[in-house]
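Here's entry.cif, which has mmCIF, C-alpha atoms and all ligand atoms:
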data_coords
loop_
_atom_site.label_atom_id
_atom_site.label_comp_id
_atom_site.auth_asym_id
_atom_site.auth_seq_id
_atom_site.Cartn_x
_atom_site.Cartn_y
_atom_site.Cartn_z
CA MET Y 1 -13.81 192.48 11.95
CA LYS Y 2 -16.10 191.99 14.91
CA ILE Y 3 -15.33 188.95 17.03
CA LEU Y 4 -17.72 187.79 19.73
CA VAL Y 5 -15.81 186.67 22.83
CA THR Y 6 -18.03 184.77 25.25
CA GLY Y 7 -16.57 184.69 28.75
CA GLY Y 8 -14.44 187.65 27.64
CA LEU Y 9 -13.92 188.96 31.19
CA GLY Y 10 -12.45 185.67 32.42
CA PHE Y 11 -8.78 184.80 32.75
CA ILE Y 12 -8.10 183.59 29.21
CA GLY Y 13 -10.95 185.63 27.71
CA SER Y 14 -9.63 188.98 28.94
CA HIS Y 15 -6.12 188.30 27.60
CA THR Y 16 -7.62 187.21 24.28
CA VAL Y 17 -9.65 190.43 24.02
CA VAL Y 18 -6.36 192.37 24.33
CA GLU Y 19 -4.61 190.23 21.71
CA LEU Y 20 -7.58 190.57 19.33
CA VAL Y 21 -7.29 194.35 19.55
CA ASN Y 22 -3.51 194.13 19.02
CA ALA Y 23 -4.23 192.13 15.86
CA GLY Y 24 -6.73 194.70 14.55
CA TYR Y 25 -9.99 192.93 15.45
CA ASP Y 26 -12.98 194.50 17.21
CA PRO Y 27 -13.97 192.28 20.17
CA VAL Y 28 -17.52 192.20 21.55
CA ILE Y 29 -17.76 190.59 24.97
CA ILE Y 30 -20.58 188.57 26.51
CA ASP Y 31 -20.05 187.54 30.14
CA ASP Y 32 -22.51 186.75 32.94
CA LEU Y 33 -19.90 187.68 35.59
CA SER Y 34 -20.44 184.32 37.32
CA ASN Y 35 -16.67 183.80 37.56
CA SER Y 36 -15.34 187.25 36.68
CA ASN Y 37 -15.60 190.88 37.70
CA VAL Y 38 -17.04 193.75 35.68
CA ARG Y 39 -14.05 195.89 36.65
CA ILE Y 40 -11.87 193.69 34.44
CA LEU Y 41 -13.45 195.71 31.64
CA ASP Y 42 -11.80 198.85 33.07
CA GLN Y 43 -8.52 196.97 33.37
CA ILE Y 44 -8.73 195.92 29.71
CA ALA Y 45 -9.47 199.56 28.83
CA LYS Y 46 -6.28 200.64 30.62
CA ILE Y 47 -4.31 198.33 28.32
CA ILE Y 48 -6.03 198.89 24.97
CA GLY Y 49 -7.10 202.52 25.46
CA TYR Y 50 -10.87 202.06 25.22
CA LYS Y 51 -13.68 199.98 26.71
CA PRO Y 52 -14.72 197.21 24.34
CA ALA Y 53 -18.43 196.49 23.82
CA PHE Y 54 -19.77 194.43 26.72
CA HIS Y 55 -23.10 192.62 27.19
CA GLU Y 56 -23.92 191.04 30.53
CA PHE Y 57 -26.16 188.00 30.28
CA ASP Y 58 -26.24 184.24 30.71
CA LEU Y 59 -25.77 182.29 27.47
CA CYS Y 60 -28.11 179.62 28.84
CA ASP Y 61 -30.89 182.16 28.18
CA ALA Y 62 -31.78 181.17 24.61
CA LYS Y 63 -33.94 184.24 24.01
CA ALA Y 64 -31.21 186.63 25.16
CA VAL Y 65 -28.74 184.92 22.83
CA LYS Y 66 -31.19 185.07 19.90
CA ASP Y 67 -31.85 188.77 20.53
CA PHE Y 68 -28.11 189.44 20.72
CA ALA Y 69 -27.57 187.66 17.37
CA ALA Y 70 -30.44 189.63 15.77
CA ASN Y 71 -28.86 192.89 16.95
CA ASN Y 72 -25.31 191.83 16.01
CA PRO Y 73 -25.51 190.25 12.55
CA ASP Y 74 -22.08 191.62 11.59
CA ILE Y 75 -20.06 189.21 13.77
CA SER Y 76 -17.41 187.38 11.72
CA GLY Y 77 -16.05 185.06 14.39
CA ILE Y 78 -16.86 183.64 17.79
CA ILE Y 79 -14.40 182.64 20.49
CA HIS Y 80 -16.35 180.63 23.01
CA PHE Y 81 -14.78 180.60 26.48
CA ALA Y 82 -17.92 180.88 28.62
CA ALA Y 83 -18.13 177.67 30.65
CA SER Y 84 -17.87 176.36 34.18
CA LYS Y 85 -14.39 174.96 34.76
CA ALA Y 86 -13.83 173.68 38.31
CA VAL Y 87 -13.13 169.97 38.12
CA GLY Y 88 -14.00 169.17 41.76
CA GLU Y 89 -17.22 171.18 41.69
CA SER Y 90 -18.29 169.39 38.50
CA VAL Y 91 -18.13 166.06 40.35
CA GLN Y 92 -20.43 167.50 43.07
CA LEU Y 93 -22.75 169.37 40.70
CA PRO Y 94 -22.78 167.50 37.38
CA LEU Y 95 -26.08 169.00 36.21
CA LYS Y 96 -24.76 172.54 36.69
CA TYR Y 97 -21.85 171.64 34.39
CA TYR Y 98 -23.88 169.83 31.75
CA ARG Y 99 -26.48 172.61 31.76
CA ASN Y 100 -24.08 175.58 31.64
CA ASN Y 101 -21.55 174.15 29.24
CA PHE Y 102 -24.00 172.60 26.74
CA TYR Y 103 -26.89 175.10 26.78
CA SER Y 104 -24.50 177.98 26.22
CA LEU Y 105 -22.71 176.22 23.35
CA ILE Y 106 -25.92 175.08 21.66
CA ASN Y 107 -27.67 178.43 22.10
CA ILE Y 108 -24.82 180.33 20.51
CA LEU Y 109 -24.48 177.84 17.63
CA GLN Y 110 -28.22 177.96 16.98
CA ALA Y 111 -28.40 181.75 17.18
CA TYR Y 112 -25.86 182.14 14.34
CA GLU Y 113 -26.79 178.98 12.42
CA GLY Y 114 -26.45 179.51 8.69
CA SER Y 115 -23.93 182.35 9.01
CA PRO Y 116 -20.44 181.60 7.68
CA LEU Y 117 -18.68 182.17 10.99
CA ASN Y 118 -15.28 181.12 12.30
CA PHE Y 119 -15.71 179.47 15.67
CA VAL Y 120 -12.92 178.83 18.20
CA PHE Y 121 -13.72 176.48 21.04
CA SER Y 122 -11.85 176.28 24.38
CA SER Y 123 -11.05 172.64 24.84
CA SER Y 124 -8.55 171.03 27.17
CA CYS Y 125 -5.76 168.47 27.29
CA THR Y 126 -8.02 166.80 29.86
CA VAL Y 127 -9.59 164.96 26.87
CA TYR Y 128 -6.43 162.79 26.69
CA GLY Y 129 -6.62 161.60 30.32
CA GLN Y 130 -3.26 159.92 31.08
CA PRO Y 131 -1.82 159.55 27.56
CA ASP Y 132 -0.06 156.29 26.65
CA VAL Y 133 2.59 158.15 24.65
CA LEU Y 134 4.27 161.47 25.52
CA PRO Y 135 4.37 164.09 24.20
CA VAL Y 136 0.71 163.60 23.33
CA THR Y 137 -0.40 164.39 19.77
CA GLU Y 138 -3.85 165.43 18.59
CA ASP Y 139 -4.31 161.90 17.16
CA ALA Y 140 -4.02 160.26 20.58
CA PRO Y 141 -7.22 158.56 21.71
CA VAL Y 142 -9.67 160.54 23.80
CA LYS Y 143 -9.89 158.69 27.13
CA PRO Y 144 -13.03 158.29 29.25
CA ALA Y 145 -13.46 161.55 31.14
CA GLU Y 146 -12.44 161.70 34.81
CA SER Y 147 -15.06 164.34 35.65
CA PRO Y 148 -18.27 165.89 34.31
CA TYR Y 149 -16.17 168.98 33.48
CA GLY Y 150 -13.85 166.87 31.32
CA ASN Y 151 -16.84 165.15 29.77
CA THR Y 152 -18.33 168.51 28.72
CA LYS Y 153 -15.11 169.27 26.82
CA GLN Y 154 -15.13 165.89 25.04
CA ILE Y 155 -18.81 166.05 24.12
CA ALA Y 156 -18.59 169.70 23.07
CA GLU Y 157 -15.82 168.73 20.62
CA GLU Y 158 -18.12 165.98 19.27
CA ILE Y 159 -21.05 168.39 18.96
CA LEU Y 160 -18.90 170.80 16.96
CA ARG Y 161 -17.53 168.03 14.74
CA ASP Y 162 -21.07 166.78 14.06
CA VAL Y 163 -22.32 170.27 13.27
CA VAL Y 164 -19.53 170.78 10.73
CA ALA Y 165 -20.01 167.28 9.26
CA ALA Y 166 -23.69 168.09 8.71
CA GLY Y 167 -22.64 170.80 6.25
CA SER Y 168 -22.98 173.81 8.52
CA ALA Y 169 -21.65 177.19 7.42
CA TYR Y 170 -19.42 177.25 10.51
CA LYS Y 171 -15.70 176.64 10.40
CA VAL Y 172 -14.48 175.35 13.75
CA ILE Y 173 -11.15 175.03 15.54
CA ALA Y 174 -10.97 173.43 18.98
CA LEU Y 175 -7.88 174.42 20.96
CA ARG Y 176 -6.80 171.87 23.54
CA TYR Y 177 -5.12 173.99 26.19
CA PHE Y 178 -2.51 172.56 28.50
CA ASN Y 179 -2.10 174.50 31.80
CA PRO Y 180 -2.63 178.26 31.34
CA VAL Y 181 -0.69 180.41 33.83
CA GLY Y 182 0.94 183.84 34.10
CA ALA Y 183 -0.54 187.25 33.43
CA HIS Y 184 -0.35 190.19 31.03
CA ASP Y 185 2.99 192.08 30.92
CA SER Y 186 1.21 195.18 32.27
CA ALA Y 187 0.05 193.22 35.37
CA MET Y 188 -3.37 194.85 34.81
CA ILE Y 189 -5.17 191.58 34.12
CA GLY Y 190 -4.59 188.03 35.36
CA GLU Y 191 -6.24 185.08 37.01
CA LEU Y 192 -8.89 186.02 39.62
CA PRO Y 193 -9.77 182.89 41.57
CA ILE Y 194 -12.94 183.10 43.64
CA GLY Y 195 -12.28 181.64 47.08
CA VAL Y 196 -9.45 179.18 47.62
CA PRO Y 197 -7.56 178.62 44.34
CA GLN Y 198 -7.76 175.08 42.99
CA ASN Y 199 -4.93 175.56 40.50
CA LEU Y 200 -1.25 175.49 41.28
CA VAL Y 201 0.08 178.88 40.22
CA PRO Y 202 -2.54 181.12 41.91
CA PHE Y 203 -2.08 179.00 45.03
CA ILE Y 204 1.68 179.62 44.84
CA THR Y 205 1.33 183.39 44.42
CA GLN Y 206 -1.32 183.69 47.15
CA THR Y 207 0.92 181.73 49.52
CA ALA Y 208 3.96 183.84 48.69
CA ILE Y 209 2.05 187.06 49.37
CA GLY Y 210 0.64 185.75 52.64
CA LYS Y 211 -3.02 185.11 51.72
CA ARG Y 212 -2.47 181.36 52.26
CA GLU Y 213 -0.25 179.83 54.86
CA LYS Y 214 1.28 176.99 52.92
CA LEU Y 215 1.14 175.22 49.57
CA THR Y 216 0.66 171.47 49.61
CA VAL Y 217 2.37 169.57 46.80
CA PHE Y 218 -0.06 166.82 45.84
CA GLY Y 219 2.17 163.75 45.91
CA ASP Y 220 5.88 163.03 45.45
CA LYS Y 221 5.79 159.32 44.62
CA TYR Y 222 4.81 159.58 40.98
CA ASP Y 223 6.96 158.05 38.27
CA THR Y 224 8.68 161.35 37.39
CA PRO Y 225 12.25 162.63 38.01
CA ASP Y 226 11.39 164.18 41.43
CA GLY Y 227 8.16 162.28 42.12
CA SER Y 228 5.75 165.22 41.62
CA CYS Y 229 3.30 165.49 38.69
CA ILE Y 230 4.33 166.92 35.34
CA ARG Y 231 2.29 169.46 33.35
CA ASP Y 232 2.84 171.58 30.25
CA TYR Y 233 2.40 175.15 31.56
CA ILE Y 234 1.59 177.76 28.94
CA HIS Y 235 1.71 181.55 29.36
CA VAL Y 236 -1.78 183.02 29.01
CA VAL Y 237 -0.61 185.66 26.51
CA ASP Y 238 0.84 182.96 24.24
CA LEU Y 239 -2.42 181.05 24.65
CA ALA Y 240 -4.46 184.17 23.83
CA ARG Y 241 -2.43 184.62 20.63
CA ALA Y 242 -3.26 181.05 19.60
CA HIS Y 243 -6.91 182.15 19.31
CA VAL Y 244 -5.92 184.94 16.93
CA ALA Y 245 -3.88 182.40 14.93
CA ALA Y 246 -6.92 180.09 14.79
CA LEU Y 247 -9.12 182.88 13.41
CA LYS Y 248 -6.46 183.75 10.82
CA LEU Y 249 -6.24 180.12 9.70
CA MET Y 250 -10.01 179.87 9.27
CA GLU Y 251 -10.06 183.12 7.30
CA GLN Y 252 -7.92 181.45 4.63
CA SER Y 253 -9.91 179.97 1.77
CA GLY Y 254 -8.18 176.59 2.10
CA PHE Y 255 -9.59 175.90 5.55
CA ASN Y 256 -12.87 174.08 5.64
CA GLY Y 257 -14.55 172.17 8.37
CA TYR Y 258 -13.15 171.23 11.74
CA ASP Y 259 -9.70 170.89 13.24
CA VAL Y 260 -8.13 170.54 16.66
CA PHE Y 261 -4.77 171.76 18.00
CA ASN Y 262 -2.67 171.27 21.11
CA ILE Y 263 -1.79 174.59 22.74
CA GLY Y 264 1.14 174.17 25.09
CA THR Y 265 4.89 174.72 25.04
CA GLY Y 266 5.74 171.07 24.38
CA LYS Y 267 7.79 170.97 27.58
CA GLY Y 268 6.76 169.49 30.92
CA TYR Y 269 7.66 170.72 34.41
CA THR Y 270 7.14 168.95 37.72
CA VAL Y 271 5.34 170.74 40.55
CA LEU Y 272 8.66 171.05 42.41
CA GLU Y 273 10.31 172.53 39.32
CA VAL Y 274 7.52 175.11 39.08
CA ILE Y 275 8.06 176.05 42.74
CA SER Y 276 11.78 176.37 42.14
CA ALA Y 277 11.20 178.51 39.01
CA PHE Y 278 8.90 180.72 41.08
CA GLU Y 279 11.50 181.12 43.83
CA GLN Y 280 14.30 181.85 41.37
CA SER Y 281 12.43 184.31 39.18
CA THR Y 282 10.87 186.27 42.06
CA GLY Y 283 13.46 185.88 44.83
CA LYS Y 284 10.62 184.82 47.19
CA LYS Y 285 10.93 181.69 49.31
CA LEU Y 286 7.77 179.59 49.22
CA ASN Y 287 6.34 177.83 52.26
CA TYR Y 288 5.32 174.37 51.06
CA GLN Y 289 4.93 170.80 52.25
CA ILE Y 290 4.51 167.47 50.52
CA GLY Y 291 1.02 166.02 50.91
CA PRO Y 292 -0.91 163.03 49.58
CA PRO Y 293 -1.82 162.81 45.90
CA ARG Y 294 -5.05 164.54 44.78
CA SER Y 295 -7.67 162.12 43.57
CA GLY Y 296 -8.20 162.19 39.81
CA ASP Y 297 -4.80 163.81 39.08
CA ILE Y 298 -2.96 162.72 35.96
CA GLU Y 299 0.68 161.71 36.61
CA LYS Y 300 2.27 163.43 33.63
CA VAL Y 301 1.20 165.15 30.47
CA TRP Y 302 2.82 167.46 27.95
CA GLY Y 303 1.89 168.20 24.41
CA ASP Y 304 3.34 167.67 20.98
CA VAL Y 305 2.87 171.10 19.47
CA SER Y 306 4.27 170.43 16.00
CA LYS Y 307 0.83 170.54 14.36
CA SER Y 308 0.15 173.99 15.87
CA THR Y 309 3.59 175.20 14.77
CA GLN Y 310 3.10 173.98 11.21
CA LYS Y 311 -0.55 174.67 10.52
CA LEU Y 312 -1.50 177.46 12.92
CA HIS Y 313 1.90 179.15 12.49
CA TRP Y 314 1.84 179.65 16.23
CA LYS Y 315 4.44 178.89 18.88
CA ALA Y 316 4.66 179.67 22.59
CA GLU Y 317 7.35 182.29 23.24
CA ARG Y 318 7.33 182.80 27.01
CA ASP Y 319 9.31 180.56 29.33
CA ILE Y 320 8.52 179.28 32.81
CA ASP Y 321 10.39 182.18 34.48
CA THR Y 322 8.25 184.73 32.63
CA MET Y 323 5.15 182.74 33.57
CA MET Y 324 6.10 182.93 37.25
CA SER Y 325 7.31 186.55 37.32
CA SER Y 326 4.18 187.80 35.50
CA ALA Y 327 1.86 185.82 37.81
CA TRP Y 328 3.73 187.34 40.76
CA ALA Y 329 3.48 190.89 39.37
CA TRP Y 330 -0.28 190.41 38.95
CA GLU Y 331 -0.67 189.02 42.48
CA ASN Y 332 1.08 192.11 43.83
CA TYR Y 333 -1.04 194.43 41.69
CA ILE Y 334 -4.37 192.85 42.63
CA THR Y 335 -3.45 192.73 46.32
CA GLN Y 336 -2.65 196.45 46.29
CA ASN Y 337 -5.58 197.32 44.00
CA PRO Y 338 -8.43 194.92 44.85
CA LEU Y 339 -11.31 195.06 42.36
C1 LIG Y 401 -6.99 170.93 36.18
C2 LIG Y 401 -7.88 169.90 35.57
C3 LIG Y 401 -7.98 170.12 34.10
C4 LIG Y 401 -8.53 171.50 33.84
C5 LIG Y 401 -7.67 172.53 34.54
C6 LIG Y 401 -8.41 173.85 34.47
C7 LIG Y 401 -7.73 167.91 37.02
C8 LIG Y 401 -7.29 166.49 37.08
N1 LIG Y 401 -7.43 168.56 35.87
O1 LIG Y 401 -5.69 170.74 35.63
O2 LIG Y 401 -8.86 169.20 33.52
O3 LIG Y 401 -8.56 171.74 32.47
O4 LIG Y 401 -7.48 172.22 35.91
O5 LIG Y 401 -7.73 174.83 35.13
O6 LIG Y 401 -8.28 168.43 37.96
N2 LIG Y 401 -1.02 171.01 42.54
C9 LIG Y 401 -0.42 170.91 43.79
N3 LIG Y 401 -0.93 171.67 44.79
C10 LIG Y 401 -1.99 172.52 44.65
C11 LIG Y 401 -2.59 172.62 43.34
C12 LIG Y 401 -2.08 171.84 42.33
O7 LIG Y 401 0.53 170.16 43.97
O8 LIG Y 401 -2.41 173.17 45.61
C13 LIG Y 401 -0.47 170.21 41.43
C14 LIG Y 401 -1.45 169.23 40.84
O9 LIG Y 401 -1.39 167.99 41.48
C15 LIG Y 401 -0.98 169.17 39.39
C16 LIG Y 401 -0.38 170.54 39.13
O10 LIG Y 401 -0.15 171.10 40.40
O11 LIG Y 401 0.05 168.24 39.27
C17 LIG Y 401 -1.31 171.43 38.35
O12 LIG Y 401 -2.57 171.42 38.99
P1 LIG Y 401 -3.76 172.39 38.53
O13 LIG Y 401 -3.26 173.77 38.40
O14 LIG Y 401 -4.91 172.14 39.46
O15 LIG Y 401 -4.10 171.90 37.07
P2 LIG Y 401 -4.47 170.43 36.53
O16 LIG Y 401 -4.84 169.53 37.63
O17 LIG Y 401 -3.36 169.99 35.66
#
Turn this file's structure into structure tokens for me.
Ligand code: UD1
Amino acid sequence: MKILVTGGLGFIGSHTVVELVNAGYDPVIIDDLSNSNVRILDQIAKIIGYKPAFHEFDLCDAKAVKDFAANNPDISGIIHFAASKAVGESVQLPLKYYRNNFYSLINILQAYEGSPLNFVFSSSCTVYGQPDVLPVTEDAPVKPAESPYGNTKQIAEEILRDVVAAGSAYKVIALRYFNPVGAHDSAMIGELPIGVPQNLVPFITQTAIGKREKLTVFGDKYDTPDGSCIRDYIHVVDLARAHVAALKLMEQSGFNGYDVFNIGTGKGYTVLEVISAFEQSTGKKLNYQIGPPRSGDIEKVWGDVSKSTQKLHWKAERDIDTMMSSAWAWENYITQNPL
């Protein structure tokens, strides 16, 4: 079965392409390379043994999307990753975020309107803001978004729910990711931040390898065991497999409409615990200092993943040490073999 993967050369997209092939699907990638590198296609080929179909264009181009759909009527599912995702940038450039994230979603939905397709949407635990109850379940209220980026995830979920409620032929699952980290076991694909990494784990690995001088821990006075923020880190391969599980669930005749799932491990780690796991699993000492809190940061969040376990029949299998050692192996690979 052909599955369209938008943003398929990105961090999560590339790992999902590999897992789709492992599960017997035939992925077709669209990516505009705005936050990826075409050589990731070669890297994917080294893992799966062939180059998957790849189309380079911007999904905001409605005509290009329509032409693609006309030429590819045999798509049975869509996994939609393509979106801008830098929280800080979205505050500076809200129109870029609203334009990219909504035009692309709407164009792709319109292009395949009327076809009975299974649609997986990349959402985020950011929709919960600071939850009142932890671990947070899918029924927890969606809190006012802290950034235009977060708002695009909330509104995109609403768009998809409305489309399904209007009797569309689409089946939709939104996956609310917690914090994706780590890299493929082969170390051939991983996260490729452009410029200075905004996220914790690539900043850790770039510091450990000497690309950055020092990591700053954003705050140690939070109401957590060691004072640093807590997140639910999830290995990107486990996360990629959740997309396959979502497709499989929608392929069953009993699934109709729209559903949403938390995709995390269900366990939270503080920033200092992540650093310590990195040091222990890699044997590298990390140069870090405690700094002031980052504005807009949530104090603590981790997910209740019982709904995913029961209904998606999916569960994260890789622990924090594997997350750190695989991220480190990828950092070493990409430093020795720059794309
Ligand atoms: C952020 C976004 C989230 C988005 C995700 C996408 C915010 C508030 N949230 O998640 O909506 O879906 O990125 O990747 O921006 N940290 C440090 N030092 C650093 C970097 C991070 O201490 O140099 C800490 C942060 O304070 C946080 C944790 O590490 O506690 C994880 O940060 P990060 O990787 O940026 O992810 P989130 O902020 O959780």
Output the neighbourhood of ligand LIG 401 (chain Y) as a PyMOL selection string, that is, all protein and nucleic acid residues with some atom at most 8 Å from the ligand, counting all atoms listed in the file. chain Y and resi 85-88+124-127+146+149-150+177-180+197-201+203-204+215-219+228-231+270-271+293-300
Atom-to-atom span, atom CA of Phe54 of chain Y and atom CA of Asp31 of chain Y, Å: 7.7 Å
Might you pull out every residue within 10 Å of Asp139 of chain Y, with only C-alpha atoms counted and same-chain residues fewer than 3 positions away left off, and present them as a PyMOL selection string? chain Y and resi 128+136+142+260-261
From Y:Asp26, Y:Asp58, Y:Glu19, Y:Glu317, residue lying nearest Thr6 of chain Y [only C-alpha atoms]: Y:Asp58
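Closest approach to Ala166 of chain Y among Y:Asp223, Y:Gly257, Y:Lys285, Y:Gly195: Y:Gly257, based on all atoms listed in the file.
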Counting only C-alpha atoms, select every polymer residue within 12 Å of (12.7, 173.7, 41.8) as defined in the file's coordinates, and provide the selection as a ChimeraX atom specification. /Y:225-226,228,269-281,285-286,288,320-321
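The nearest approach to Ala64 of chain Y among the residues Y:Asn107, Y:Val236, Y:Asp185, Y:Glu138, with all atoms listed in the file taken into account, belongs to Y:Asn107.
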For His80 of chain Y, work out the shell of residues within 12 Å, counting only C-alpha atoms and skipping chain neighbours fewer than 6 positions away, then give it as an mmCIF file with C-alpha atoms, in the frame of the given file.
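Full text of selection_14.cif as output:
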data_model
loop_
_atom_site.group_PDB
_atom_site.id
_atom_site.type_symbol
_atom_site.label_atom_id
_atom_site.label_comp_id
_atom_site.auth_asym_id
_atom_site.auth_seq_id
_atom_site.Cartn_x
_atom_site.Cartn_y
_atom_site.Cartn_z
ATOM 1 C CA ILE Y 3 -15.330 188.950 17.030
ATOM 2 C CA LEU Y 4 -17.720 187.790 19.730
ATOM 3 C CA VAL Y 5 -15.810 186.670 22.830
ATOM 4 C CA THR Y 6 -18.030 184.770 25.250
ATOM 5 C CA GLY Y 7 -16.570 184.690 28.750
ATOM 6 C CA GLY Y 8 -14.440 187.650 27.640
ATOM 7 C CA LEU Y 9 -13.920 188.960 31.190
ATOM 8 C CA GLY Y 10 -12.450 185.670 32.420
ATOM 9 C CA ILE Y 12 -8.100 183.590 29.210
ATOM 10 C CA GLY Y 13 -10.950 185.630 27.710
ATOM 11 C CA THR Y 16 -7.620 187.210 24.280
ATOM 12 C CA VAL Y 17 -9.650 190.430 24.020
ATOM 13 C CA VAL Y 28 -17.520 192.200 21.550
ATOM 14 C CA ILE Y 29 -17.760 190.590 24.970
ATOM 15 C CA ILE Y 30 -20.580 188.570 26.510
ATOM 16 C CA ASP Y 31 -20.050 187.540 30.140
ATOM 17 C CA LEU Y 59 -25.770 182.290 27.470
ATOM 18 C CA ASN Y 101 -21.550 174.150 29.240
ATOM 19 C CA PHE Y 102 -24.000 172.600 26.740
ATOM 20 C CA SER Y 104 -24.500 177.980 26.220
ATOM 21 C CA LEU Y 105 -22.710 176.220 23.350
ATOM 22 C CA ILE Y 106 -25.920 175.080 21.660
ATOM 23 C CA ASN Y 107 -27.670 178.430 22.100
ATOM 24 C CA ILE Y 108 -24.820 180.330 20.510
ATOM 25 C CA LEU Y 109 -24.480 177.840 17.630
ATOM 26 C CA ASN Y 118 -15.280 181.120 12.300
ATOM 27 C CA PHE Y 119 -15.710 179.470 15.670
ATOM 28 C CA VAL Y 120 -12.920 178.830 18.200
ATOM 29 C CA PHE Y 121 -13.720 176.480 21.040
ATOM 30 C CA SER Y 122 -11.850 176.280 24.380
ATOM 31 C CA SER Y 123 -11.050 172.640 24.840
ATOM 32 C CA ALA Y 156 -18.590 169.700 23.070
ATOM 33 C CA LEU Y 160 -18.900 170.800 16.960
ATOM 34 C CA VAL Y 172 -14.480 175.350 13.750
ATOM 35 C CA ILE Y 173 -11.150 175.030 15.540
ATOM 36 C CA ALA Y 174 -10.970 173.430 18.980
ATOM 37 C CA LEU Y 175 -7.880 174.420 20.960
ATOM 38 C CA HIS Y 243 -6.910 182.150 19.310
#
